[in-house]
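Colleague: What follows is the file query_23.pdb, containing PDB, C-alpha atoms:
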ATOM      1  CA  MET A  11     129.188  98.935  66.674  1.00  0.00           C
ATOM      2  CA  LEU A  12     129.625  97.356  63.224  1.00  0.00           C
ATOM      3  CA  THR A  13     133.357  96.875  63.838  1.00  0.00           C
ATOM      4  CA  ALA A  14     132.701  95.247  67.200  1.00  0.00           C
ATOM      5  CA  MET A  15     130.147  92.880  65.658  1.00  0.00           C
ATOM      6  CA  MET A  16     132.556  91.937  62.869  1.00  0.00           C
ATOM      7  CA  ASN A  17     135.323  91.248  65.395  1.00  0.00           C
ATOM      8  CA  ARG A  18     133.016  88.983  67.399  1.00  0.00           C
ATOM      9  CA  TRP A  19     132.226  86.899  64.314  1.00  0.00           C
ATOM     10  CA  LYS A  20     135.895  86.774  63.313  1.00  0.00           C
ATOM     11  CA  THR A  21     136.673  85.461  66.786  1.00  0.00           C
ATOM     12  CA  ARG A  22     133.936  82.814  66.522  1.00  0.00           C
ATOM     13  CA  ILE A  23     135.116  81.674  63.098  1.00  0.00           C
ATOM     14  CA  ALA A  24     138.751  81.542  64.232  1.00  0.00           C
ATOM     15  CA  ALA A  25     137.751  79.544  67.318  1.00  0.00           C
ATOM     16  CA  ALA A  26     135.791  77.081  65.191  1.00  0.00           C
ATOM     17  CA  VAL A  27     138.756  76.599  62.858  1.00  0.00           C
ATOM     18  CA  LEU A  28     141.043  75.946  65.816  1.00  0.00           C
ATOM     19  CA  VAL A  29     138.631  73.426  67.332  1.00  0.00           C
ATOM     20  CA  VAL A  30     138.226  71.554  64.061  1.00  0.00           C
ATOM     21  CA  PHE A  31     141.739  71.798  62.653  1.00  0.00           C
ATOM     22  CA  GLY A  32     143.899  72.544  65.693  1.00  0.00           C
ATOM     23  CA  PRO A  33     145.228  69.021  66.334  1.00  0.00           C
ATOM     24  CA  ALA A  34     145.902  68.507  62.630  1.00  0.00           C
ATOM     25  CA  LEU A  35     147.773  71.790  62.331  1.00  0.00           C
ATOM     26  CA  ALA A  36     149.886  70.928  65.355  1.00  0.00           C
ATOM     27  CA  ALA A  37     150.712  67.542  63.901  1.00  0.00           C
ATOM     28  CA  ALA A  38     151.593  69.053  60.545  1.00  0.00           C
ATOM     29  CA  THR A  39     154.346  71.158  62.127  1.00  0.00           C
ATOM     30  CA  GLU A  40     156.047  68.067  63.498  1.00  0.00           C
ATOM     31  CA  SER A  41     155.904  65.812  60.448  1.00  0.00           C
ATOM     32  CA  GLU A  42     154.868  65.620  56.794  1.00  0.00           C
ATOM     33  CA  PRO A  43     151.463  67.260  56.053  1.00  0.00           C
ATOM     34  CA  PHE A  44     149.707  63.995  55.188  1.00  0.00           C
ATOM     35  CA  ASN A  45     150.603  62.561  58.592  1.00  0.00           C
ATOM     36  CA  ALA A  46     148.202  65.101  60.095  1.00  0.00           C
ATOM     37  CA  ALA A  47     145.229  63.351  58.496  1.00  0.00           C
ATOM     38  CA  PRO A  48     144.400  61.082  61.486  1.00  0.00           C
ATOM     39  CA  ALA A  49     144.345  64.045  63.879  1.00  0.00           C
ATOM     40  CA  LEU A  50     142.240  66.043  61.452  1.00  0.00           C
ATOM     41  CA  ILE A  51     139.684  63.264  60.980  1.00  0.00           C
ATOM     42  CA  THR A  52     139.480  62.704  64.740  1.00  0.00           C
ATOM     43  CA  SER A  53     138.806  66.413  65.234  1.00  0.00           C
ATOM     44  CA  LEU A  54     136.039  66.347  62.653  1.00  0.00           C
ATOM     45  CA  LEU A  55     134.407  63.351  64.306  1.00  0.00           C
ATOM     46  CA  GLU A  56     134.549  64.935  67.747  1.00  0.00           C
ATOM     47  CA  THR A  57     132.887  68.173  66.607  1.00  0.00           C
ATOM     48  CA  ASP A  58     130.013  68.898  64.269  1.00  0.00           C
ATOM     49  CA  ALA A  59     132.589  70.659  62.021  1.00  0.00           C
ATOM     50  CA  GLN A  60     130.028  73.354  61.354  1.00  0.00           C
ATOM     51  CA  LEU A  61     129.508  76.968  62.328  1.00  0.00           C
ATOM     52  CA  GLN A  62     125.893  78.050  61.989  1.00  0.00           C
ATOM     53  CA  GLY A  63     124.034  81.335  61.874  1.00  0.00           C
ATOM     54  CA  VAL A  64     126.872  83.461  60.479  1.00  0.00           C
ATOM     55  CA  PRO A  65     125.526  86.726  58.971  1.00  0.00           C
ATOM     56  CA  PHE A  66     126.354  86.727  55.268  1.00  0.00           C
ATOM     57  CA  SER A  67     126.960  90.476  55.506  1.00  0.00           C
ATOM     58  CA  GLU A  68     129.757  89.797  58.008  1.00  0.00           C
ATOM     59  CA  VAL A  69     131.306  87.180  55.723  1.00  0.00           C
ATOM     60  CA  ILE A  70     131.355  89.648  52.829  1.00  0.00           C
ATOM     61  CA  LEU A  71     132.763  92.417  55.029  1.00  0.00           C
ATOM     62  CA  SER A  72     135.501  90.181  56.442  1.00  0.00           C
ATOM     63  CA  VAL A  73     136.511  88.762  53.052  1.00  0.00           C
ATOM     64  CA  THR A  74     136.200  91.856  50.850  1.00  0.00           C
ATOM     65  CA  GLY A  75     136.097  94.843  53.187  1.00  0.00           C
ATOM     66  CA  LYS A  76     132.836  95.884  51.507  1.00  0.00           C
ATOM     67  CA  ARG A  77     129.521  96.449  53.259  1.00  0.00           C
ATOM     68  CA  VAL A  78     126.226  94.752  52.410  1.00  0.00           C
ATOM     69  CA  LEU A  79     123.680  97.570  52.396  1.00  0.00           C
ATOM     70  CA  PRO A  80     120.138  96.630  53.484  1.00  0.00           C
ATOM     71  CA  PHE A  81     117.004  97.812  51.734  1.00  0.00           C
ATOM     72  CA  THR A  82     114.720 100.016  53.813  1.00  0.00           C
ATOM     73  CA  LEU A  83     111.163  99.756  52.514  1.00  0.00           C
ATOM     74  CA  THR A  84     110.172 102.936  54.345  1.00  0.00           C
ATOM     75  CA  ASN A  85     112.770 104.803  52.284  1.00  0.00           C
ATOM     76  CA  ALA A  86     111.313 106.252  49.057  1.00  0.00           C
ATOM     77  CA  PRO A  87     114.513 105.837  46.939  1.00  0.00           C
ATOM     78  CA  ASP A  88     114.744 102.179  47.987  1.00  0.00           C
ATOM     79  CA  ARG A  89     111.104 101.571  47.072  1.00  0.00           C
ATOM     80  CA  GLU A  90     111.609 103.249  43.697  1.00  0.00           C
ATOM     81  CA  LEU A  91     114.671 101.124  42.984  1.00  0.00           C
ATOM     82  CA  LEU A  92     112.799  97.934  43.881  1.00  0.00           C
ATOM     83  CA  THR A  93     109.878  98.981  41.673  1.00  0.00           C
ATOM     84  CA  LYS A  94     112.193  99.341  38.672  1.00  0.00           C
ATOM     85  CA  ILE A  95     113.858  95.975  39.320  1.00  0.00           C
ATOM     86  CA  SER A  96     110.473  94.319  39.857  1.00  0.00           C
ATOM     87  CA  GLY A  97     109.228  95.587  36.486  1.00  0.00           C
ATOM     88  CA  ALA A  98     112.269  94.056  34.777  1.00  0.00           C
ATOM     89  CA  LEU A  99     111.672  90.735  36.562  1.00  0.00           C
ATOM     90  CA  ASP A 100     108.049  90.658  35.370  1.00  0.00           C
ATOM     91  CA  ARG A 101     109.269  91.121  31.799  1.00  0.00           C
ATOM     92  CA  VAL A 102     111.851  88.347  32.197  1.00  0.00           C
ATOM     93  CA  LEU A 103     109.218  85.965  33.530  1.00  0.00           C
ATOM     94  CA  SER A 104     106.910  86.713  30.608  1.00  0.00           C
ATOM     95  CA  GLU A 105     109.744  86.314  28.097  1.00  0.00           C
ATOM     96  CA  LEU A 106     110.963  82.974  29.471  1.00  0.00           C
ATOM     97  CA  ASN A 107     107.414  81.581  29.532  1.00  0.00           C
ATOM     98  CA  ARG A 108     107.030  82.085  25.773  1.00  0.00           C
ATOM     99  CA  THR A 109     107.006  78.602  24.279  1.00  0.00           C
ATOM    100  CA  ASN A 110     109.392  79.607  21.491  1.00  0.00           C
ATOM    101  CA  HIS A 111     112.122  80.787  23.880  1.00  0.00           C
ATOM    102  CA  PRO A 112     115.413  78.837  23.492  1.00  0.00           C
ATOM    103  CA  ALA A 113     115.315  77.943  27.202  1.00  0.00           C
ATOM    104  CA  HIS A 114     112.608  75.370  26.478  1.00  0.00           C
ATOM    105  CA  ARG A 115     115.049  73.354  24.395  1.00  0.00           C
ATOM    106  CA  GLU A 116     117.194  72.713  27.469  1.00  0.00           C
ATOM    107  CA  ARG A 117     116.779  69.326  29.096  1.00  0.00           C
ATOM    108  CA  ARG A 118     117.929  70.229  32.615  1.00  0.00           C
ATOM    109  CA  ILE A 119     116.857  73.155  34.760  1.00  0.00           C
ATOM    110  CA  ASN A 120     120.512  73.973  35.545  1.00  0.00           C
ATOM    111  CA  GLU A 121     121.008  74.709  31.846  1.00  0.00           C
ATOM    112  CA  VAL A 122     118.108  77.174  31.951  1.00  0.00           C
ATOM    113  CA  SER A 123     119.888  79.388  34.504  1.00  0.00           C
ATOM    114  CA  ALA A 124     122.142  80.989  31.888  1.00  0.00           C
ATOM    115  CA  HIS A 125     119.056  82.035  29.890  1.00  0.00           C
ATOM    116  CA  PHE A 126     117.646  83.789  32.962  1.00  0.00           C
ATOM    117  CA  GLU A 127     120.944  85.579  33.596  1.00  0.00           C
ATOM    118  CA  GLN A 128     121.076  86.845  30.009  1.00  0.00           C
ATOM    119  CA  ALA A 129     117.397  87.838  29.881  1.00  0.00           C
ATOM    120  CA  LEU A 130     117.671  89.621  33.232  1.00  0.00           C
ATOM    121  CA  ARG A 131     120.763  91.519  32.135  1.00  0.00           C
ATOM    122  CA  GLU A 132     119.049  92.661  28.928  1.00  0.00           C
ATOM    123  CA  ALA A 133     115.814  93.627  30.706  1.00  0.00           C
ATOM    124  CA  LEU A 134     117.634  95.696  33.322  1.00  0.00           C
ATOM    125  CA  ASN A 135     119.697  97.475  30.673  1.00  0.00           C
ATOM    126  CA  ARG A 136     116.449  98.613  29.048  1.00  0.00           C
ATOM    127  CA  VAL A 137     115.461 100.449  32.254  1.00  0.00           C
ATOM    128  CA  PRO A 138     116.386 104.159  31.967  1.00  0.00           C
ATOM    129  CA  GLY A 139     119.358 104.941  34.208  1.00  0.00           C
ATOM    130  CA  PHE A 140     120.332 101.281  34.733  1.00  0.00           C
ATOM    131  CA  ALA A 141     123.560  99.596  33.627  1.00  0.00           C
ATOM    132  CA  CYS A 142     123.847  95.847  34.242  1.00  0.00           C
ATOM    133  CA  GLU A 143     126.885  93.719  33.417  1.00  0.00           C
ATOM    134  CA  PHE A 144     128.601  90.531  34.456  1.00  0.00           C
ATOM    135  CA  PRO A 145     130.892  91.610  37.311  1.00  0.00           C
ATOM    136  CA  LYS A 146     134.669  91.700  37.036  1.00  0.00           C
ATOM    137  CA  THR A 147     137.010  90.110  39.538  1.00  0.00           C
ATOM    138  CA  ALA A 148     139.549  91.908  41.692  1.00  0.00           C
ATOM    139  CA  ALA A 149     142.098  90.925  39.029  1.00  0.00           C
ATOM    140  CA  GLY A 150     140.063  92.835  36.421  1.00  0.00           C
ATOM    141  CA  ARG A 151     138.724  89.838  34.502  1.00  0.00           C
ATOM    142  CA  GLN A 152     135.069  89.273  33.698  1.00  0.00           C
ATOM    143  CA  GLN A 153     133.914  85.977  35.211  1.00  0.00           C
ATOM    144  CA  ARG A 154     130.559  84.230  34.923  1.00  0.00           C
ATOM    145  CA  SER A 155     131.029  81.587  37.612  1.00  0.00           C
ATOM    146  CA  GLY A 156     130.828  82.283  41.324  1.00  0.00           C
ATOM    147  CA  TYR A 157     128.846  84.720  43.435  1.00  0.00           C
ATOM    148  CA  PRO A 158     127.425  87.175  42.412  1.00  0.00           C
ATOM    149  CA  ASP A 159     126.148  86.676  38.860  1.00  0.00           C
ATOM    150  CA  LEU A 160     125.281  90.270  37.921  1.00  0.00           C
ATOM    151  CA  ARG A 161     126.308  93.817  38.885  1.00  0.00           C
ATOM    152  CA  LEU A 162     123.670  96.498  38.460  1.00  0.00           C
ATOM    153  CA  VAL A 163     124.404 100.223  38.727  1.00  0.00           C
ATOM    154  CA  ASP A 164     121.654 102.813  39.178  1.00  0.00           C
ATOM    155  CA  LYS A 165     123.401 105.701  37.431  1.00  0.00           C
ATOM    156  CA  THR A 166     120.963 108.262  38.825  1.00  0.00           C
ATOM    157  CA  THR A 167     122.171 107.565  42.383  1.00  0.00           C
ATOM    158  CA  ASP A 168     125.468 105.663  41.740  1.00  0.00           C
ATOM    159  CA  ARG A 169     124.150 102.812  43.852  1.00  0.00           C
ATOM    160  CA  VAL A 170     125.420  99.291  43.116  1.00  0.00           C
ATOM    161  CA  ILE A 171     123.241  96.195  43.429  1.00  0.00           C
ATOM    162  CA  TYR A 172     124.648  92.679  43.156  1.00  0.00           C
ATOM    163  CA  LEU A 173     122.098  90.193  41.801  1.00  0.00           C
ATOM    164  CA  ASP A 174     122.150  86.408  42.000  1.00  0.00           C
ATOM    165  CA  PRO A 175     119.257  84.657  40.162  1.00  0.00           C
ATOM    166  CA  LYS A 176     118.299  81.136  41.268  1.00  0.00           C
ATOM    167  CA  LEU A 177     115.697  78.659  40.017  1.00  0.00           C
ATOM    168  CA  PHE A 178     113.749  76.542  42.485  1.00  0.00           C
ATOM    169  CA  GLU A 179     111.086  73.924  41.884  1.00  0.00           C
ATOM    170  CA  HIS A 180     107.552  74.395  43.138  1.00  0.00           C
ATOM    171  CA  GLY A 181     107.178  72.654  46.500  1.00  0.00           C
ATOM    172  CA  SER A 182     110.904  72.877  47.363  1.00  0.00           C
ATOM    173  CA  ARG A 183     110.801  76.344  48.911  1.00  0.00           C
ATOM    174  CA  GLY A 184     111.187  74.888  52.394  1.00  0.00           C
ATOM    175  CA  SER A 185     113.917  72.390  51.478  1.00  0.00           C
ATOM    176  CA  SER A 186     116.993  72.206  53.732  1.00  0.00           C
ATOM    177  CA  LEU A 187     119.296  71.045  50.915  1.00  0.00           C
ATOM    178  CA  ARG A 188     122.148  73.380  49.987  1.00  0.00           C
ATOM    179  CA  THR A 189     121.162  75.760  47.185  1.00  0.00           C
ATOM    180  CA  PHE A 190     123.577  78.636  47.846  1.00  0.00           C
ATOM    181  CA  TYR A 191     127.290  78.762  48.452  1.00  0.00           C
ATOM    182  CA  TYR A 192     129.989  81.404  48.563  1.00  0.00           C
ATOM    183  CA  GLU A 193     133.673  80.579  48.194  1.00  0.00           C
ATOM    184  CA  PRO A 194     135.937  83.366  49.485  1.00  0.00           C
ATOM    185  CA  LYS A 195     138.928  84.041  47.243  1.00  0.00           C
ATOM    186  CA  ARG A 196     141.055  87.138  46.690  1.00  0.00           C
ATOM    187  CA  GLU A 197     141.853  87.235  42.970  1.00  0.00           C
ATOM    188  CA  THR A 198     138.452  85.950  41.830  1.00  0.00           C
ATOM    189  CA  ASN A 199     136.485  88.045  44.332  1.00  0.00           C
ATOM    190  CA  LYS A 200     133.688  89.839  42.458  1.00  0.00           C
ATOM    191  CA  VAL A 201     132.360  91.980  45.332  1.00  0.00           C
ATOM    192  CA  LEU A 202     134.229  95.248  44.847  1.00  0.00           C
ATOM    193  CA  ASP A 203     131.660  97.779  46.104  1.00  0.00           C
ATOM    194  CA  ASP A 204     129.593  98.668  49.131  1.00  0.00           C
ATOM    195  CA  ALA A 205     126.304  97.499  47.660  1.00  0.00           C
ATOM    196  CA  HIS A 206     122.882  95.963  48.023  1.00  0.00           C
ATOM    197  CA  HIS A 207     122.845  92.174  47.554  1.00  0.00           C
ATOM    198  CA  LEU A 208     119.669  90.612  46.157  1.00  0.00           C
ATOM    199  CA  LEU A 209     118.931  86.987  45.415  1.00  0.00           C
ATOM    200  CA  ILE A 210     116.175  86.445  42.840  1.00  0.00           C
ATOM    201  CA  GLY A 211     114.304  83.169  43.175  1.00  0.00           C
ATOM    202  CA  PHE A 212     112.351  82.080  40.082  1.00  0.00           C
ATOM    203  CA  GLU A 213     109.840  79.308  40.813  1.00  0.00           C
ATOM    204  CA  HIS A 214     109.173  76.607  38.205  1.00  0.00           C
ATOM    205  CA  THR A 215     107.012  73.481  37.968  1.00  0.00           C
ATOM    206  CA  GLY A 216     109.416  71.416  35.904  1.00  0.00           C
ATOM    207  CA  LYS A 217     109.119  70.573  32.239  1.00  0.00           C
ATOM    208  CA  MET A 218     105.606  69.710  31.084  1.00  0.00           C
ATOM    209  CA  ASP A 219     104.587  68.951  27.481  1.00  0.00           C
ATOM    210  CA  GLY A 220     108.067  69.921  26.331  1.00  0.00           C
ATOM    211  CA  HIS A 221     108.100  73.324  28.019  1.00  0.00           C
ATOM    212  CA  TRP A 222     109.304  74.731  31.317  1.00  0.00           C
ATOM    213  CA  GLN A 223     106.701  76.595  33.330  1.00  0.00           C
ATOM    214  CA  PHE A 224     107.783  79.521  35.482  1.00  0.00           C
ATOM    215  CA  LEU A 225     105.312  80.606  38.145  1.00  0.00           C
ATOM    216  CA  GLY A 226     106.775  83.722  39.683  1.00  0.00           C
ATOM    217  CA  TRP A 227     109.745  85.366  41.371  1.00  0.00           C
ATOM    218  CA  GLU A 228     110.840  86.482  44.837  1.00  0.00           C
ATOM    219  CA  LEU A 229     113.448  89.075  45.786  1.00  0.00           C
ATOM    220  CA  VAL A 230     115.512  88.276  48.878  1.00  0.00           C
ATOM    221  CA  ASP A 231     117.576  90.929  50.640  1.00  0.00           C
ATOM    222  CA  LEU A 232     120.787  89.093  51.595  1.00  0.00           C
ATOM    223  CA  ALA A 233     121.573  91.721  54.230  1.00  0.00           C
ATOM    224  CA  HIS A 234     119.512  89.512  56.556  1.00  0.00           C
ATOM    225  CA  PHE A 235     120.791  86.158  55.245  1.00  0.00           C
ATOM    226  CA  ARG A 236     122.648  83.759  57.565  1.00  0.00           C
ATOM    227  CA  VAL A 237     124.956  81.007  56.333  1.00  0.00           C
ATOM    228  CA  ARG A 238     126.747  77.926  57.641  1.00  0.00           C
ATOM    229  CA  LEU A 239     130.450  77.104  57.454  1.00  0.00           C
ATOM    230  CA  LYS A 240     130.937  73.373  56.985  1.00  0.00           C
ATOM    231  CA  ALA A 241     134.129  71.365  56.604  1.00  0.00           C
ATOM    232  CA  GLU A 242     134.183  68.798  53.816  1.00  0.00           C
ATOM    233  CA  PHE A 243     136.661  66.615  51.981  1.00  0.00           C
ATOM    234  CA  GLN A 244     136.765  66.997  48.199  1.00  0.00           C
ATOM    235  CA  GLY A 245     138.735  66.029  45.113  1.00  0.00           C
ATOM    236  CA  SER A 246     138.705  66.561  41.345  1.00  0.00           C
ATOM    237  CA  ASN A 247     138.855  64.151  38.389  1.00  0.00           C
ATOM    238  CA  ARG A 248     142.543  64.998  38.131  1.00  0.00           C
ATOM    239  CA  ASP A 249     142.959  63.792  41.697  1.00  0.00           C
ATOM    240  CA  LEU A 250     140.900  60.639  41.073  1.00  0.00           C
ATOM    241  CA  TYR A 251     142.198  59.357  37.734  1.00  0.00           C
ATOM    242  CA  ARG A 252     145.925  59.453  38.394  1.00  0.00           C
ATOM    243  CA  PRO A 253     147.765  56.913  36.200  1.00  0.00           C
ATOM    244  CA  GLU A 254     149.416  55.245  39.187  1.00  0.00           C
ATOM    245  CA  ALA A 255     146.002  54.756  40.861  1.00  0.00           C
ATOM    246  CA  VAL A 256     144.167  53.172  37.906  1.00  0.00           C
ATOM    247  CA  VAL A 257     144.214  49.394  38.338  1.00  0.00           C
ATOM    248  CA  GLY A 258     142.055  48.464  35.362  1.00  0.00           C
ATOM    249  CA  ARG A 259     140.227  49.846  32.323  1.00  0.00           C
ATOM    250  CA  SER A 260     138.019  48.663  29.481  1.00  0.00           C
ATOM    251  CA  ARG A 261     139.648  47.120  26.410  1.00  0.00           C
ATOM    252  CA  GLN A 262     137.345  48.832  23.939  1.00  0.00           C
TER
END
Let me see the file written as structure tokens.

Modeller:
Amino acid sequence: MLTAMMNRWKTRIAAAVLVVFGPALAAATESEPFNAAPALITSLLETDAQLQGVPFSEVILSVTGKRVLPFTLTNAPDRELLTKISGALDRVLSELNRTNHPAHRERRINEVSAHFEQALREALNRVPGFACEFPKTAAGRQQRSGYPDLRLVDKTTDRVIYLDPKLFEHGSRGSSLRTFYYEPKRETNKVLDDAHHLLIGFEHTGKMDGHWQFLGWELVDLAHFRVRLKAEFQGSNRDLYRPEAVVGRSRQ
């Protein structure tokens, strides 16, 4: 049944890619690649260039071959595991709310995220039977950027849990702006196990009187998470500031 479901989603994704990029791909076989741009843009305008409601578990399975294991709250081992993780999260919240914590010297909330990752890793490693590290890629290198941020192993059961902490501002819980993304790549893939996938949302009120205030946390089981695939055009500074494209600069 799982294989059949995965095949259905692969078919839907492939169909969406053909609808969006089909004319451009056809054009690219007949001429230089950049000449396909008009056909590509026309295709994007004629479709919403978006595939919605894709189970994240199916994305992970298709990209990595690894299963996303759901938590079952009626299962005693799952409840025990969540209790241990929850205790560590309570300690992290208390630690980060101390006014002398280095996180309060950060000006932007994005800069606070690294403090949460480090504090969470240390708190989980203090739990008997837990081992938490920054995950390695398929190429064997440890990498901080990209999903997921942490790899937790419960050595008593050999279960693996991938953790991805996020910070969200009070009142933005229902926002439709993008706050999560996953970029599938082979060499930098960090999902190497059949595992549980948990997102940890830490709520904050912003910086008041020189200190960040963190209200609480929520654990989200990503086995039930659905994502969108959206086409977009992008470029880097290297693409933008090419010498032949610069037509003026300051004299200072």

Colleague: Go ahead and compute the interatomic distance for atom CA of A:Tyr157 and atom CA of A:Ser72, in Å to one decimal.

Modeller: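 Between these atoms lies a distance of 15.6 Å.
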
Colleague: Do you have the atom CA of A:Val102-atom CA of A:Ser123 distance handy?

Modeller: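 Separation between atom CA of A:Val102 and atom CA of A:Ser123: 12.3 Å.
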
Colleague: For this file, the PyMOL selection byres ((chain A and resi 194) around 9) selects which residues, as a ChimeraX atom specification?

Modeller: /A:69-70,73-74,192-193,195-196,198-199

Colleague: Can you pull out every residue within 12 Å of A:Leu162, counting all atoms listed in the file, but drop anything in the same chain fewer than 4 positions away, and send it as a ChimeraX atom specification?

Modeller: /A:91,94-95,130-135,137,139-145,158,167-174,201,203,205-208

Colleague: Keeping only C-alpha atoms, write the selected residues as a PDB file, keeping the file's coordinate frame.

Modeller:
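Heads up, here's the output in result10.pdb:
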ATOM      1  CA  LEU A  91     114.671 101.124  42.984  1.00  0.00           C
ATOM      2  CA  LYS A  94     112.193  99.341  38.672  1.00  0.00           C
ATOM      3  CA  ILE A  95     113.858  95.975  39.320  1.00  0.00           C
ATOM      4  CA  LEU A 130     117.671  89.621  33.232  1.00  0.00           C
ATOM      5  CA  ARG A 131     120.763  91.519  32.135  1.00  0.00           C
ATOM      6  CA  GLU A 132     119.049  92.661  28.928  1.00  0.00           C
ATOM      7  CA  ALA A 133     115.814  93.627  30.706  1.00  0.00           C
ATOM      8  CA  LEU A 134     117.634  95.696  33.322  1.00  0.00           C
ATOM      9  CA  ASN A 135     119.697  97.475  30.673  1.00  0.00           C
ATOM     10  CA  VAL A 137     115.461 100.449  32.254  1.00  0.00           C
ATOM     11  CA  GLY A 139     119.358 104.941  34.208  1.00  0.00           C
ATOM     12  CA  PHE A 140     120.332 101.281  34.733  1.00  0.00           C
ATOM     13  CA  ALA A 141     123.560  99.596  33.627  1.00  0.00           C
ATOM     14  CA  CYS A 142     123.847  95.847  34.242  1.00  0.00           C
ATOM     15  CA  GLU A 143     126.885  93.719  33.417  1.00  0.00           C
ATOM     16  CA  PHE A 144     128.601  90.531  34.456  1.00  0.00           C
ATOM     17  CA  PRO A 145     130.892  91.610  37.311  1.00  0.00           C
ATOM     18  CA  PRO A 158     127.425  87.175  42.412  1.00  0.00           C
ATOM     19  CA  THR A 167     122.171 107.565  42.383  1.00  0.00           C
ATOM     20  CA  ASP A 168     125.468 105.663  41.740  1.00  0.00           C
ATOM     21  CA  ARG A 169     124.150 102.812  43.852  1.00  0.00           C
ATOM     22  CA  VAL A 170     125.420  99.291  43.116  1.00  0.00           C
ATOM     23  CA  ILE A 171     123.241  96.195  43.429  1.00  0.00           C
ATOM     24  CA  TYR A 172     124.648  92.679  43.156  1.00  0.00           C
ATOM     25  CA  LEU A 173     122.098  90.193  41.801  1.00  0.00           C
ATOM     26  CA  ASP A 174     122.150  86.408  42.000  1.00  0.00           C
ATOM     27  CA  VAL A 201     132.360  91.980  45.332  1.00  0.00           C
ATOM     28  CA  ASP A 203     131.660  97.779  46.104  1.00  0.00           C
ATOM     29  CA  ALA A 205     126.304  97.499  47.660  1.00  0.00           C
ATOM     30  CA  HIS A 206     122.882  95.963  48.023  1.00  0.00           C
ATOM     31  CA  HIS A 207     122.845  92.174  47.554  1.00  0.00           C
ATOM     32  CA  LEU A 208     119.669  90.612  46.157  1.00  0.00           C
TER      33      LEU A 208
END

Colleague: Between atom CA of A:Thr215 and atom CA of A:Val237, measure the distance and give it in Å to one decimal.

Modeller: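 Going from atom CA of A:Thr215 over to atom CA of A:Val237 covers 26.8 Å.
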
Colleague: Give me the residues within 12 Å of A:Arg188 as a ChimeraX atom specification, counting only C-alpha atoms and dropping any in the same chain fewer than 3 places off.

Modeller: /A:178,182-185,191-192,237-240

Colleague: Please produce a file of the residues just selected, as an mmCIF file, in the coordinates of the input, where the atoms kept are C-alpha atoms.

Modeller:
data_model
loop_
_atom_site.group_PDB
_atom_site.id
_atom_site.type_symbol
_atom_site.label_atom_id
_atom_site.label_comp_id
_atom_site.auth_asym_id
_atom_site.auth_seq_id
_atom_site.Cartn_x
_atom_site.Cartn_y
_atom_site.Cartn_z
ATOM 1 C CA PHE A 178 113.749 76.542 42.485
ATOM 2 C CA SER A 182 110.904 72.877 47.363
ATOM 3 C CA ARG A 183 110.801 76.344 48.911
ATOM 4 C CA GLY A 184 111.187 74.888 52.394
ATOM 5 C CA SER A 185 113.917 72.390 51.478
ATOM 6 C CA TYR A 191 127.290 78.762 48.452
ATOM 7 C CA TYR A 192 129.989 81.404 48.563
ATOM 8 C CA VAL A 237 124.956 81.007 56.333
ATOM 9 C CA ARG A 238 126.747 77.926 57.641
ATOM 10 C CA LEU A 239 130.450 77.104 57.454
ATOM 11 C CA LYS A 240 130.937 73.373 56.985
#

Colleague: Considering all atoms listed in the file, state which residue in the set A:Asp231, A:Asp249, A:Glu68, A:Glu254 is at the smallest distance from A:Phe81.

Modeller: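 Selected residue with least distance to A:Phe81: A:Asp231.
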
Colleague: Which is closest to A:Glu213 among A:Ser186, A:Ser246, A:Asn107, A:Asn85, if we use only C-alpha atoms?

Modeller: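 Of all the options, A:Asn107 lies closest to A:Glu213.
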
Colleague: Measuring between only C-alpha atoms, which one of A:Asp164, A:Gly216, A:Gly156, A:Asp204 shows the shortest distance to A:Gly181?

Modeller: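 Once distances to A:Gly181 are computed over only C-alpha atoms, the minimum belongs to A:Gly216.
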
Colleague: Tell me which residues come within 8 Å of (115.4, 85.3, 45.2), as a compact mmCIF listing (two decimals) with C-alpha atoms, keeping the file's coordinate frame, counting all atoms listed in the file in the file's coordinates.

Modeller:
# COMPACT_ATOMS: atom_id res chain seq x y z
CA ASP A 174 122.15 86.41 42.00
CA PRO A 175 119.26 84.66 40.16
CA LYS A 176 118.30 81.14 41.27
CA LEU A 208 119.67 90.61 46.16
CA LEU A 209 118.93 86.99 45.42
CA ILE A 210 116.18 86.44 42.84
CA GLY A 211 114.30 83.17 43.18
CA PHE A 212 112.35 82.08 40.08
CA TRP A 227 109.74 85.37 41.37
CA GLU A 228 110.84 86.48 44.84
CA LEU A 229 113.45 89.08 45.79
CA VAL A 230 115.51 88.28 48.88

Colleague: Out of A:Gly150, A:Gly63, A:Pro112, A:Pro138, which residue has the shortest atom-to-atom distance to A:Gly220 when counting all atoms listed in the file?

Modeller: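 The closest residue to A:Gly220 is A:Pro112.
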
Colleague: Can you work out which one of A:Thr93, A:Gly245, A:Arg115, A:His234 has the shortest atom-to-atom distance to A:Pro80, counting all atoms listed in the file?

Modeller: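 Smallest separation from A:Pro80 among the options: A:His234.
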
Colleague: Any chance you could model N, CA and C atoms for stretch 208-212 of chain A and send them as a compact mmCIF listing (two decimals), in the coordinates of the input?

Modeller:
# COMPACT_ATOMS: atom_id res chain seq x y z
N LEU A 208 120.99 91.20 46.32
CA LEU A 208 119.67 90.61 46.16
C LEU A 208 119.77 89.25 45.49
N LEU A 209 119.11 88.28 46.07
CA LEU A 209 118.93 86.99 45.42
C LEU A 209 117.54 86.97 44.79
N ILE A 210 117.45 86.50 43.55
CA ILE A 210 116.18 86.44 42.84
C ILE A 210 115.81 84.98 42.65
N GLY A 211 114.76 84.55 43.31
CA GLY A 211 114.30 83.17 43.18
C GLY A 211 113.17 83.06 42.17
N PHE A 212 113.39 82.33 41.08
CA PHE A 212 112.35 82.08 40.08
C PHE A 212 111.79 80.68 40.32
